[in-house]
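Worksheet for the structure shown next.
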Amino acid sequence: MLSGCSAGLRLLVLRRCVLLSRNVTSGNPGRAAAVDGVLSAFRSICGDDGVSLGETVREQHGKDESVHRCRPPDVVVFPRCVEEVSALAKLCHRHQLPIIPFGTGTGLEGGVGAVKGGVCFSLRNMDQILDLHPEDFDVTVEPGVTRKALNSYLRETGLWFPVDPGADASLCGMAATSASGTNAVRYGTMRENVMNLEVVLADGSVIHTAGRNRRPRKTAAGYNLTNLFVGSEGTLGIITKTTLRLYGVPEEMVSAVCSFSSVQAAVDSTVQILQAGVPIARIEFLDEVMIDACNKFSSLSYPVSPTLFLEFHGSERSLEEQVNTTEDITQSNGGSDFQWARDAETRNRLWKARHDAWYAALAMRPGCKAYATDVCVPLSRLPQIIVETKEDLIESRLTGHIVGHVGDGNFHCLMVMDPSDQDELHRVHLFSQRLARRALAMDGTCTGEHGVGLGKRSLLCEEVGPSVIRVMQSLKDAIDPNNLMNPGKILL
Amino acid sequence: MSGRVLVGVKRVIDYAVKIRVKPDNSGVVTDGVKHSMNPFCEIAVEEAVKLKEKKLIKEVVAVSCGPQQSQETIRTALAMGADRGIHVEVAGKDYETLGPLQVSKIMAALAKKEDAQLIILGKQAIDDDCNQTGQMTAALLDWPQGTFASEVSLDGDKVKVVREIDGGLETIKISTPAVLTADLRLNTPRYATLPNIMKAKKKKIANVKPADLGVDLTSRLEVLKVEEPPQRQAGVKVETVEDLVGKLKETGRI
């Protein structure tokens with residue numbers, strides 16, 4: 001790694017290595033002293049096992065699944081209940097230490113990086129599923145509960161929590177990042193499905209955004225604090241409980257695949273399917289570059305052209321109607337090779353291409369890293385933005401595969417890049433900026449699902465404008481005046 | 001052939017729960033702990049329901065032995081597609097000592113009473129890991145057995161079973177009536193859906209006492225003590241290879 005660098009760069013890298021390997025803080029002697037001072041107090045709250053200074057533990061808690069480099073905290077604490085979270089937060093507040101909440105570390109925007117050091121609150125030991133009310137379709141969970149764990153718990157009740165961002169993420173973490181998934185087109189995102197939150201604020205006080213234990217299906221009571229915290233990415237408080245809206249498990253499922261001669265035809269079909277009122281559960285778009293990668297990775301033989309992967313949920317009779325209407329629409333748009341399946345094994349095989357997309361992309365250039373863009377535009381603008389983006393990819397000589405939740409107008413460009421090729425990294429960065437601005441110009445957003453985190457703060461300013469940023473900042477200042485909650489994220 | 005399949009379903013502590021041993025070491029904590037159907041029993045129910053959907057058998061009867069709460073487990077089987085249930089009431093001390101020998105006697109008695117063509121059980125329960133009930137039931141009835149089944153197909157009055165064994169897969173053909181036990185890869189159990197759960201509430205669950213079946217529940221086993229496995233000790237970091245070799249010699253490893 002050090003060979004081939006200039007002498008000055010080598011010195012910089014060496015200094016960084018030395019700083020990272022020191023046991024407590026790097027850079028800030030004042031903070032180092034503060035952390036040392038509170039360690040015994042931390043231990044008295046969550047036990048000796050509940051406080052870690054270990055280098056590996058801190059590194060694990062300083063990064064997520066994004067390309068952002070690891071920014072380890074000074075110490076990691078493992079509270080076991082909200083009372084411990086509150087006590088720890090009070091201490092951090094008294095000593096002005098940054099607080100970074102950590103769920104499963106599966107985020108994609110560097111949201112857990114401790115840019116100013118501080119205390120990482122790893123919430124995995126708070127893993128209880130509380131208060132399931134099957135007749136009311138709601139359940140309350142702690143941050144250590146992941147979505148797969150919840151759905152396994154619910155398996156005998158006929159209920160499930162459908163938001164599916166791919167990773168087996170913490171549900172409270174999903175609330176913090178306003179996560180979404182492949183079936184948002186039917187079931188919504190976290191914004192629509194979080195009914196109440198228990199949050200510990202920077203000063204240690206504990207609030208319930210909709211009132212303690214409350215779980216009405218709808219409310220008009222006061223400011224919508226629940227949705228203020230949804231998507232706040234740990235910058236306003238630590239989410240210690242979330243009350244979620246549950247749905248009935250689909251009676252039957254049918255999956256289908258269809259190829260098209262052009263992106264336009266595929267997206268036109270999507271729009272028409274939605275306009276026809278088909279309650280489609282998943283509608284995913286893969287471009288020909290992505291399909292080619294999937295064919296190679298999973299030994300499949302899909303036609304190498306723009307493809308839609310579809311999933312339908314419902315009763316046997318309604319499924320027949322849904323599939324027929326959809327097939328008519330795809331045919332009228334020149335779609336071919338329409339295959340569909342009902343039994344679990346064939347459905348999984350049909351969708352395998354989509355499931356393995358990330359790994360298929362990585363496999364196209366072994367040794368490289370992958371980065372996913374995340375723009376979202378109104379449906380009608382989707383064909384244009386995808387076509388322009390593909391042209392940009394070719395012009396910029398980049399390897400990019402397009403995978404989209406087209407039902408929401410959201411698509412990801414999976415870029416595979418050589419981490420040692422500075423020029424390529426730079427081109428990827430510029431490309432992503434252009435893509436985000438393209439989406440903004442089309443009345444869209446720079447992030448449909450992944451959040452702002454570290455890398456999209458300037459884009460957020462462009463997206464909402466300075467007056468809105470002022471309002472967001474004033475909310476942040478009101479709720480967290482000392483900027484202790486996950487500093488350096490969302491707002492510059 | 002009656003076309004009737006008996007499926008045994010056991011209520012166990014849910015697989016995702018962290019098990020804790022009671023302070024008096026007499027057993028594990030079960031009060032207030034989430035219970036659900038044994039995963040291998042789910043696979044057994046799914047196989048039986050699949051056979052019925054293919055019209056190879058006529059009726060699926062779910063059987064569970066235990067206290068009142070076992071009825072919930074039977075309801076889950078009904079929601080997956082079983083037609084009716086039989087709850088064999090075993091409670092208190094009898095339930096604490098209930099094991100494969102007593103359950104197999106109960107299953108054998110029920111099989112005769114219900115004129116069953118097939119009994120499908122999970123290969124083992126995740127609480128005791130005994131892996132005995134299917135085999136004992138077959139022996140008591142003097143029926144053939146197809147255990148660790150990863151594939152089952154009916155062919156007239158014979159059953160072809162592909163079994164998972166140490167060396168790979170073994171295919172056998174046995175005549176009915178027979179006992180099968182389900183292994184992991186036999187199928188993927190369906191989720192209960194809300195409409196099916198509602199329908200299941202109307203299906204019948206008969207109550208039976210072991211005495212009515214002429215079964216003696218006395219156990220020949222007595223649990224003396226239950227302990228947690230030893231806690232994992234922290235490792236020791238050494239500075240040099242010489243230190244490592246020294247430590248390995250010290251502890252008699254080399």
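Starting from 1 in every chain, residues are counted up; chains themselves are A, B, ... following the order of the structure tokens, and ligands are numbered from 1 as listed.
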
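For chain A, the residues close to chain B, meaning within 10 Å and counting only C-alpha atoms, are Ala149, Ser152, Tyr153, Leu154, Arg155, Glu156, Thr157, Gly158, Leu159, Trp160, Tyr247, Gly248, Val249, Pro250, Glu251, Glu252, Ser315, Ala344 and Glu345 of chain A.
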
Might you pull out every residue within 9 Å of Gln135 of chain B, with only C-alpha atoms counted and same-chain residues fewer than 3 positions away left off, and present them as a ChimeraX atom specification? /B:104,131-132,138-140,145-147,179-181

Any chance you could export the current selection's all heavy atoms as a CSV table (one decimal), in the first residue's frame?
```csv
chain,number,residue,atom,x,y,z
B,104,SER,N,-44.7,-42.4,21.8
B,104,SER,CA,-44.8,-43.4,20.7
B,104,SER,C,-45.9,-44.4,21.0
B,104,SER,O,-46.6,-44.9,20.2
B,104,SER,CB,-43.5,-44.1,20.5
B,104,SER,OG,-43.0,-44.7,21.7
B,131,ASN,N,-34.7,-37.9,18.8
B,131,ASN,CA,-34.7,-38.7,17.5
B,131,ASN,C,-35.1,-40.1,17.8
B,131,ASN,O,-34.4,-41.0,17.3
B,131,ASN,CB,-33.3,-38.6,16.9
B,131,ASN,CG,-33.2,-39.0,15.5
B,131,ASN,OD1,-34.0,-39.8,15.1
B,131,ASN,ND2,-32.2,-38.5,14.8
B,132,GLN,N,-36.2,-40.4,18.6
B,132,GLN,CA,-36.6,-41.7,18.9
B,132,GLN,C,-38.0,-42.0,18.7
B,132,GLN,O,-38.4,-43.2,18.4
B,132,GLN,CB,-36.3,-42.0,20.4
B,132,GLN,CG,-34.8,-41.9,20.8
B,132,GLN,CD,-34.7,-41.7,22.3
B,132,GLN,OE1,-35.6,-41.6,23.1
B,132,GLN,NE2,-33.4,-41.7,22.8
B,138,ALA,N,-42.9,-47.0,15.1
B,138,ALA,CA,-42.9,-48.0,14.1
B,138,ALA,C,-42.7,-49.4,14.7
B,138,ALA,O,-43.3,-50.4,14.3
B,138,ALA,CB,-41.8,-47.7,13.1
B,139,ALA,N,-41.8,-49.4,15.7
B,139,ALA,CA,-41.5,-50.7,16.3
B,139,ALA,C,-42.7,-51.3,17.0
B,139,ALA,O,-43.1,-52.4,16.9
B,139,ALA,CB,-40.3,-50.6,17.3
B,140,LEU,N,-43.4,-50.4,17.8
B,140,LEU,CA,-44.6,-50.8,18.5
B,140,LEU,C,-45.7,-51.3,17.6
B,140,LEU,O,-46.4,-52.2,17.9
B,140,LEU,CB,-45.1,-49.6,19.4
B,140,LEU,CG,-44.3,-49.2,20.6
B,140,LEU,CD1,-44.7,-47.9,21.2
B,140,LEU,CD2,-44.4,-50.3,21.7
B,145,GLN,N,-40.4,-48.2,8.5
B,145,GLN,CA,-40.1,-46.8,8.9
B,145,GLN,C,-39.2,-46.2,7.8
B,145,GLN,O,-38.2,-46.8,7.3
B,145,GLN,CB,-39.5,-46.6,10.2
B,145,GLN,CG,-38.2,-47.4,10.4
B,145,GLN,CD,-37.7,-47.4,11.8
B,145,GLN,OE1,-36.8,-46.7,12.2
B,145,GLN,NE2,-38.3,-48.2,12.7
B,146,GLY,N,-39.5,-44.9,7.4
B,146,GLY,CA,-38.6,-44.2,6.5
B,146,GLY,C,-38.2,-42.9,7.2
B,146,GLY,O,-38.9,-41.9,7.3
B,147,THR,N,-37.0,-42.9,7.9
B,147,THR,CA,-36.6,-41.8,8.8
B,147,THR,C,-35.6,-40.9,8.0
B,147,THR,O,-35.0,-41.3,7.0
B,147,THR,CB,-35.9,-42.4,10.0
B,147,THR,OG1,-34.9,-43.3,9.6
B,147,THR,CG2,-36.9,-43.2,10.9
B,179,VAL,N,-44.3,-45.4,9.0
B,179,VAL,CA,-43.9,-44.2,9.8
B,179,VAL,C,-42.8,-43.5,9.1
B,179,VAL,O,-41.8,-44.1,8.7
B,179,VAL,CB,-43.5,-44.6,11.2
B,179,VAL,CG1,-43.0,-43.3,12.0
B,179,VAL,CG2,-44.6,-45.3,12.0
B,180,LEU,N,-43.0,-42.2,8.9
B,180,LEU,CA,-41.9,-41.4,8.2
B,180,LEU,C,-41.5,-40.3,9.2
B,180,LEU,O,-42.3,-39.8,10.0
B,180,LEU,CB,-42.5,-40.7,7.0
B,180,LEU,CG,-43.1,-41.6,5.9
B,180,LEU,CD1,-43.7,-40.7,4.8
B,180,LEU,CD2,-42.1,-42.6,5.4
B,181,THR,N,-40.2,-40.0,9.2
B,181,THR,CA,-39.8,-38.8,10.0
B,181,THR,C,-39.1,-37.8,9.0
B,181,THR,O,-38.4,-38.2,8.1
B,181,THR,CB,-38.9,-39.2,11.2
B,181,THR,OG1,-37.6,-39.5,10.7
B,181,THR,CG2,-39.5,-40.2,12.0
```

Segment 113-207 of chain B: residues DSSP assigns to helix (DSSP H, G or I), reported as a ChimeraX atom specification: /B:113-114,133-141,184-186,194-202

Print the selection's residues with N, CA and C atoms to a file, as a compact mmCIF listing (two decimals), in the first residue's frame.
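What landed in selection-v6.txt:
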```
# COMPACT_ATOMS: atom_id res chain seq x y z
N LYS B 113 -56.54 -46.67 16.35
CA LYS B 113 -57.91 -46.15 16.54
C LYS B 113 -58.38 -45.40 15.29
N GLU B 114 -57.48 -44.64 14.66
CA GLU B 114 -57.88 -43.80 13.52
C GLU B 114 -57.66 -44.51 12.19
N THR B 133 -38.87 -41.00 18.73
CA THR B 133 -40.31 -41.26 18.72
C THR B 133 -40.76 -41.99 17.46
N GLY B 134 -40.28 -41.54 16.29
CA GLY B 134 -40.68 -42.19 15.04
C GLY B 134 -40.31 -43.66 15.03
N GLN B 135 -39.06 -43.90 15.39
CA GLN B 135 -38.56 -45.29 15.35
C GLN B 135 -39.31 -46.18 16.35
N MET B 136 -39.55 -45.65 17.58
CA MET B 136 -40.27 -46.44 18.59
C MET B 136 -41.69 -46.72 18.14
N THR B 137 -42.33 -45.70 17.54
CA THR B 137 -43.72 -45.88 17.08
C THR B 137 -43.78 -47.00 16.04
N ALA B 138 -42.85 -46.97 15.11
CA ALA B 138 -42.85 -48.01 14.07
C ALA B 138 -42.66 -49.38 14.69
N ALA B 139 -41.76 -49.45 15.66
CA ALA B 139 -41.50 -50.74 16.30
C ALA B 139 -42.73 -51.25 17.04
N LEU B 140 -43.41 -50.37 17.78
CA LEU B 140 -44.60 -50.78 18.54
C LEU B 140 -45.70 -51.29 17.61
N LEU B 141 -45.79 -50.64 16.42
CA LEU B 141 -46.84 -51.04 15.48
C LEU B 141 -46.38 -52.15 14.55
N LEU B 184 -34.62 -31.93 7.46
CA LEU B 184 -34.66 -30.50 7.15
C LEU B 184 -35.02 -30.18 5.70
N ARG B 185 -34.45 -30.95 4.77
CA ARG B 185 -34.60 -30.57 3.36
C ARG B 185 -35.82 -31.18 2.69
N LEU B 186 -36.73 -31.76 3.46
CA LEU B 186 -37.90 -32.38 2.85
C LEU B 186 -38.77 -31.33 2.15
N LEU B 194 -53.69 -15.22 7.49
CA LEU B 194 -54.83 -14.81 8.32
C LEU B 194 -56.12 -15.55 7.95
N PRO B 195 -56.48 -15.62 6.66
CA PRO B 195 -57.72 -16.34 6.34
C PRO B 195 -57.67 -17.80 6.81
N ASN B 196 -56.51 -18.44 6.66
CA ASN B 196 -56.40 -19.84 7.09
C ASN B 196 -56.45 -19.97 8.60
N ILE B 197 -55.92 -18.98 9.31
CA ILE B 197 -56.00 -19.00 10.77
C ILE B 197 -57.46 -18.89 11.19
N MET B 198 -58.22 -18.05 10.49
CA MET B 198 -59.65 -17.92 10.80
C MET B 198 -60.38 -19.23 10.53
N LYS B 199 -60.07 -19.84 9.39
CA LYS B 199 -60.73 -21.12 9.05
C LYS B 199 -60.37 -22.17 10.08
N ALA B 200 -59.12 -22.13 10.56
CA ALA B 200 -58.66 -23.15 11.50
C ALA B 200 -59.45 -23.09 12.80
N LYS B 201 -59.94 -21.91 13.16
CA LYS B 201 -60.70 -21.80 14.42
C LYS B 201 -61.95 -22.66 14.38
N LYS B 202 -62.45 -22.93 13.18
CA LYS B 202 -63.69 -23.72 13.09
C LYS B 202 -63.41 -25.21 13.00
```

DSSP-assigned strand (DSSP E or B) among segment 44-222 of chain B, expressed as a count of residues only: 55

Give me, as a ChimeraX atom specification, all polymer residues having an atom no more than 9 Å from Ser305 of chain A, counting only C-alpha atoms and skipping those fewer than 2 positions away in the same chain. /A:259-263,286-289,291-292,302-303,307

Store the residues picked out above, limited to N, CA and C atoms, as a PDB file, in the first residue's frame.
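File written: result-v3.pdb
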```pdb
ATOM      1  N   SER A 259     -38.806  -9.784 -20.535  1.00  0.00           N
ATOM      2  CA  SER A 259     -37.745  -8.996 -21.186  1.00  0.00           C
ATOM      3  C   SER A 259     -38.334  -7.991 -22.147  1.00  0.00           C
ATOM      4  N   PHE A 260     -37.607  -6.888 -22.352  1.00  0.00           N
ATOM      5  CA  PHE A 260     -38.052  -5.835 -23.262  1.00  0.00           C
ATOM      6  C   PHE A 260     -36.910  -5.436 -24.170  1.00  0.00           C
ATOM      7  N   SER A 261     -37.267  -4.801 -25.295  1.00  0.00           N
ATOM      8  CA  SER A 261     -36.217  -4.394 -26.229  1.00  0.00           C
ATOM      9  C   SER A 261     -35.612  -3.059 -25.822  1.00  0.00           C
ATOM     10  N   SER A 262     -36.283  -2.314 -24.951  1.00  0.00           N
ATOM     11  CA  SER A 262     -35.728  -1.014 -24.570  1.00  0.00           C
ATOM     12  C   SER A 262     -36.125  -0.678 -23.142  1.00  0.00           C
ATOM     13  N   VAL A 263     -35.337   0.239 -22.570  1.00  0.00           N
ATOM     14  CA  VAL A 263     -35.655   0.731 -21.221  1.00  0.00           C
ATOM     15  C   VAL A 263     -37.027   1.380 -21.234  1.00  0.00           C
ATOM     16  N   LEU A 286     -33.981  -4.470 -14.200  1.00  0.00           N
ATOM     17  CA  LEU A 286     -32.549  -4.710 -14.347  1.00  0.00           C
ATOM     18  C   LEU A 286     -32.163  -4.382 -15.784  1.00  0.00           C
ATOM     19  N   ASP A 287     -31.102  -3.585 -15.970  1.00  0.00           N
ATOM     20  CA  ASP A 287     -30.727  -3.276 -17.349  1.00  0.00           C
ATOM     21  C   ASP A 287     -29.896  -4.424 -17.927  1.00  0.00           C
ATOM     22  N   GLU A 288     -29.540  -4.324 -19.219  1.00  0.00           N
ATOM     23  CA  GLU A 288     -28.910  -5.476 -19.873  1.00  0.00           C
ATOM     24  C   GLU A 288     -27.519  -5.747 -19.297  1.00  0.00           C
ATOM     25  N   VAL A 289     -26.851  -4.701 -18.821  1.00  0.00           N
ATOM     26  CA  VAL A 289     -25.522  -4.900 -18.218  1.00  0.00           C
ATOM     27  C   VAL A 289     -25.663  -5.737 -16.948  1.00  0.00           C
ATOM     28  N   ILE A 291     -28.221  -7.781 -16.204  1.00  0.00           N
ATOM     29  CA  ILE A 291     -28.674  -9.136 -16.548  1.00  0.00           C
ATOM     30  C   ILE A 291     -27.497  -9.975 -17.025  1.00  0.00           C
ATOM     31  N   ASP A 292     -26.627  -9.364 -17.805  1.00  0.00           N
ATOM     32  CA  ASP A 292     -25.460 -10.084 -18.291  1.00  0.00           C
ATOM     33  C   ASP A 292     -24.615 -10.563 -17.115  1.00  0.00           C
ATOM     34  N   TYR A 302     -30.999 -15.642 -19.057  1.00  0.00           N
ATOM     35  CA  TYR A 302     -31.993 -14.638 -19.427  1.00  0.00           C
ATOM     36  C   TYR A 302     -31.530 -13.917 -20.676  1.00  0.00           C
ATOM     37  N   PRO A 303     -32.479 -13.481 -21.542  1.00  0.00           N
ATOM     38  CA  PRO A 303     -32.082 -12.646 -22.682  1.00  0.00           C
ATOM     39  C   PRO A 303     -31.397 -11.390 -22.141  1.00  0.00           C
ATOM     40  N   THR A 307     -34.973  -5.882 -18.351  1.00  0.00           N
ATOM     41  CA  THR A 307     -35.873  -6.913 -17.834  1.00  0.00           C
ATOM     42  C   THR A 307     -36.633  -6.408 -16.625  1.00  0.00           C
TER      43      THR A 307
END
```

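Taking atom CA of Ser380 of chain A and atom CA of Leu440 of chain A as the two end points, the separation is 14.1 Å.
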
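As for atom CA of Ile126 of chain B and atom CA of Ala44 of chain B, they are spaced 14.2 Å apart.
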
Contacts of Ala111 of chain B within 9 Å, only C-alpha atoms, excl. fewer than 6 positions in-chain, as a PyMOL selection string: chain B and resi 5-6+117-119+141

Separation of atom CA of Val61 of chain B from atom CA of Ala82 of chain B in Å: 6.0 Å

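For the set A:Arg354, A:Leu274, A:Arg71, A:Ser269, the residue with the smallest atom-to-atom gap to Leu300 of chain A is A:Arg354, counting only C-alpha atoms.
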
Using only C-alpha atoms, which residues sit within 9 Å of segment 394-406 of chain A once same-chain residues fewer than 4 positions away are excluded, as JSON, numbers by chain? {"A": [181, 182, 183, 184, 185, 267, 270, 271, 282, 283, 284, 285, 286, 287, 288, 289, 290, 291, 293, 308, 354, 357, 361, 364, 365, 379, 382, 386, 389, 390, 410, 411, 412, 413, 414, 415, 416, 417, 424, 427, 428, 431]}

Write out as a ChimeraX atom specification each polymer residue whose atoms come within 10 Å of Ala276 of chain A, counting only C-alpha atoms; drop sequence neighbours fewer than 6 positions from it. /A:270,322,325-326,329

Preceding selection exported with N, CA and C atoms as a compact mmCIF listing (two decimals), in the first residue's frame:
```txt
# COMPACT_ATOMS: atom_id res chain seq x y z
N THR A 270 -44.30 -0.51 -16.64
CA THR A 270 -44.44 -0.27 -15.20
C THR A 270 -45.51 0.75 -14.93
N GLN A 322 -54.52 -10.39 -11.71
CA GLN A 322 -53.35 -9.50 -11.72
C GLN A 322 -52.36 -9.93 -12.80
N THR A 325 -53.76 -9.26 -16.43
CA THR A 325 -53.69 -7.84 -16.79
C THR A 325 -52.26 -7.44 -17.10
N THR A 326 -51.33 -7.88 -16.25
CA THR A 326 -49.93 -7.51 -16.42
C THR A 326 -49.37 -8.08 -17.71
N ILE A 329 -50.39 -6.08 -20.64
CA ILE A 329 -49.68 -4.81 -20.73
C ILE A 329 -48.27 -5.01 -21.26
```

Nearby residues (only C-alpha atoms) at most 6 Å from Met190 of chain A, same-chain spacing under 6 positions excluded, as a PyMOL selection string: chain A and resi 175+178-179

Could those selected residues go to a file with N, CA, C and O atoms, as an mmCIF file, in the first residue's frame?
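So the final result, stored in again.cif, reads:
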```
data_model
loop_
_atom_site.group_PDB
_atom_site.id
_atom_site.type_symbol
_atom_site.label_atom_id
_atom_site.label_comp_id
_atom_site.auth_asym_id
_atom_site.auth_seq_id
_atom_site.Cartn_x
_atom_site.Cartn_y
_atom_site.Cartn_z
ATOM 1 N N ALA A 175 -35.846 2.508 11.029
ATOM 2 C CA ALA A 175 -36.645 3.705 11.315
ATOM 3 C C ALA A 175 -35.744 4.943 11.255
ATOM 4 O O ALA A 175 -36.114 5.969 10.690
ATOM 5 N N SER A 178 -35.133 5.807 7.670
ATOM 6 C CA SER A 178 -36.330 5.795 6.815
ATOM 7 C C SER A 178 -36.159 4.798 5.684
ATOM 8 O O SER A 178 -36.310 5.108 4.495
ATOM 9 N N ALA A 179 -35.827 3.575 6.036
ATOM 10 C CA ALA A 179 -35.519 2.551 5.043
ATOM 11 C C ALA A 179 -36.736 2.193 4.208
ATOM 12 O O ALA A 179 -37.877 2.430 4.588
#
```
